[in-house]
Amino acid sequence: MCGIVLPSIQQQSSHGDTRILKVVVNGGVPIELGASDSANFSFSITAEDPSGIRSVDQIGLWSNNYGILVPSATSCQAVSRTTSVCTGTSSVSIPKHQIFDDMAGHWFVQATANANDGDKRTEDEAGKFSVLKMSRLTVFGGPTQTVARGQSISISGLLEKPDWRTQTMVGNPSQNVSLQFCANGCAKPVTVATVRSDSGGNLLATVRASSSGTYTWVYPGSFWASSVSSFPTPVTVGS
């Protein structure tokens with residue numbers, strides 16, 4: 001059986017030497033959602049007991065601000081005499097109002113592992129995962145014509161985030177974003193400016209052109225928003 005499990009106020013009773021060893025959600029990578037996305041994902045819970053694992057149940061997928069997602073029942077596969085891996089699935093949908101803006105970020109897995117000898121282990125935070133807002137970053141490039149070496153050029157951009165309430169993309173304000181330059185043939189870009197997005201998510205940096213290459217905006221993300229890079233914009237520098 002499966003159902004919605006609310007985080008307990010205190011640790012539920014556990015006894016014996018049953019242990020939850022590992023929890024992996026969505027293959028270990030964040031679940032990223034745009035303005036009106038839905039996503040299916042899997043989870044696995046590895047547990048052990050000297051007598052073997054009978055089941056893992058009472059699964060809860062939860063976050064702060066009363067976020068709850070509904071999991072399937074788990075199916076367990078013994079990988080040794082003492083250890084089993086139990087797997088299940090879940091989903092999240094913005095159009096179905098299963099998640100709201102203040103729920104982006106850290107999520108947790110609650111689970112109870114039941115051993116063959118009657119021992120059990122319950123953990124409210126057996127594992128954790130992230131549900132992130134999918135960022136969008138646009139560059140409004142430098143000049144398309146050739147510029148003189150040492151000339152000042154301005155590179156603008158726009159950093160956006162999903163608004164899950166309105167299911168639209170909106171400006172992401174007060175975020176640090178780097179402008180990186182890669183000279184033609186470079187192996188690794190270098191950061192030439194770091195700016196803070198304004199109230200509308202707009203970006204602007206002025207740099208001196210030293211050689212031909214490309215400029216790219218790079219946002220590192222946050223605990224609630226995914227990292228993202230803009231498409232590179234080319235600038236040609238004359239002699």
# chains A, B, ... in the order shown; residues from 1 in each chain; ligands from 1

call {"tool": "residues_around", "arguments": {"residues": "Asn172 in chain A", "least_positions_apart": "6", "cutoff": "8 Å", "atoms": "only C-alpha atoms", "output": "list in words"}}
result
Leu159, Glu160, Lys161, Ser197, Ser199, Gly200 and Gly201 of chain A

call {"tool": "select_by_dssp", "arguments": {"residues": "range 45-139 of chain A", "states": "strand (DSSP E or B)", "output": "PyMOL selection string"}}
result
chain A and resi 45-48+53-63+67-69+75-78+83-93+105-115+120-133+136-139

call {"tool": "closest_atom_pairs", "arguments": {"of": "range 82-188 of chain A", "to": "range 31-55 of chain A", "cutoff": "8 Å", "atoms": "only C-alpha atoms", "output": "tab-separated table"}}
result
residue	atom	partner	partner_atom	distance
A:Thr82	CA	A:Gly52	CA	4.2
A:Thr83	CA	A:Glu48	CA	4.2
A:Ser84	CA	A:Ala47	CA	5.7
A:Val85	CA	A:Thr46	CA	4.4
A:Cys86	CA	A:Ile45	CA	5.1
A:Thr87	CA	A:Ser44	CA	4.3
A:Gly88	CA	A:Phe43	CA	5.5
A:Thr89	CA	A:Ser42	CA	4.2
A:Ser90	CA	A:Phe41	CA	5.6
A:Ser91	CA	A:Asn40	CA	4.3
A:Val92	CA	A:Ala39	CA	5.4
A:Ser93	CA	A:Ser38	CA	4.1
A:Ile94	CA	A:Ser36	CA	5.5
A:Pro95	CA	A:Ser36	CA	6.0
A:Ala113	CA	A:Ser55	CA	6.1
A:Asn114	CA	A:Ser55	CA	5.3
A:Ala115	CA	A:Ile53	CA	4.3
A:Asn116	CA	A:Arg54	CA	5.1
A:Asp117	CA	A:Ser51	CA	6.0
A:Ser130	CA	A:Ile31	CA	6.2
A:Val131	CA	A:Ile31	CA	4.7
A:Leu132	CA	A:Glu32	CA	4.8
A:Lys133	CA	A:Leu33	CA	5.3
A:Met134	CA	A:Gly34	CA	4.9
A:Ser135	CA	A:Gly34	CA	7.6
A:Lys161	CA	A:Gly34	CA	7.9
A:Pro162	CA	A:Ala35	CA	4.5
A:Asp163	CA	A:Ala35	CA	6.0
A:Trp164	CA	A:Ala35	CA	5.7
A:Gln167	CA	A:Ala35	CA	4.6
A:Thr168	CA	A:Ala35	CA	5.2
A:Met169	CA	A:Ala35	CA	6.1

call {"tool": "closest_residue", "arguments": {"among": "A:Val79, A:Val237, A:Val170, A:Ala111", "to": "Gly150 in chain A", "atoms": "only C-alpha atoms"}}
result
A:Val237

call {"tool": "residues_around", "arguments": {"residues": "Tyr219 in chain A", "least_positions_apart": "4", "cutoff": "6 Å", "atoms": "only C-alpha atoms", "output": "PyMOL selection string"}}
result
chain A and resi 177+227-228

call {"tool": "write_last_selection", "arguments": {"atoms": "C-alpha atoms", "output": "PDB file, in the first residue's frame"}}
result
ATOM      1  CA  VAL A 177      25.634  36.560 -13.140  1.00  0.00           C
ATOM      2  CA  SER A 227      22.191  26.961 -13.398  1.00  0.00           C
ATOM      3  CA  VAL A 228      22.101  28.147 -17.004  1.00  0.00           C
TER       4      VAL A 228
END

call {"tool": "residues_around", "arguments": {"residues": "Ser212 in chain A", "least_positions_apart": "4", "cutoff": "7 Å", "atoms": "only C-alpha atoms", "output": "ChimeraX atom specification"}}
result
/A:183-184,235-237

call {"tool": "closest_residue", "arguments": {"among": "A:Ile68, A:Ala73, A:Val192, A:Ala225", "to": "Phe108 in chain A", "atoms": "only C-alpha atoms"}}
result
A:Ile68

call {"tool": "residues_around", "arguments": {"residues": "Ser152 in chain A", "least_positions_apart": "2", "cutoff": "12 Å", "atoms": "only C-alpha atoms", "output": "PyMOL selection string"}}
result
chain A and resi 142-143+147-150+154-155+205-210+235+237

call {"tool": "closest_residue", "arguments": {"among": "A:Gly16, A:Gly105, A:Gly60, A:Gly27", "to": "Ser226 in chain A", "atoms": "only C-alpha atoms"}}
result
A:Gly105

call {"tool": "select_by_dssp", "arguments": {"residues": "chain A", "states": "helix (DSSP H, G or I)", "output": "PyMOL selection string"}}
result
chain A and resi 26-28+101-103

call {"tool": "atom_distance", "arguments": {"atom1": "CA of Ile99 in chain A", "atom2": "CA of Asn176 in chain A"}}
result
26.1 Å

call {"tool": "residues_around", "arguments": {"residues": "Asn64 in chain A", "least_positions_apart": "4", "cutoff": "9 Å", "atoms": "only C-alpha atoms", "output": "list in words"}}
result
Asp102, Met103, His106 and Trp107 of chain A
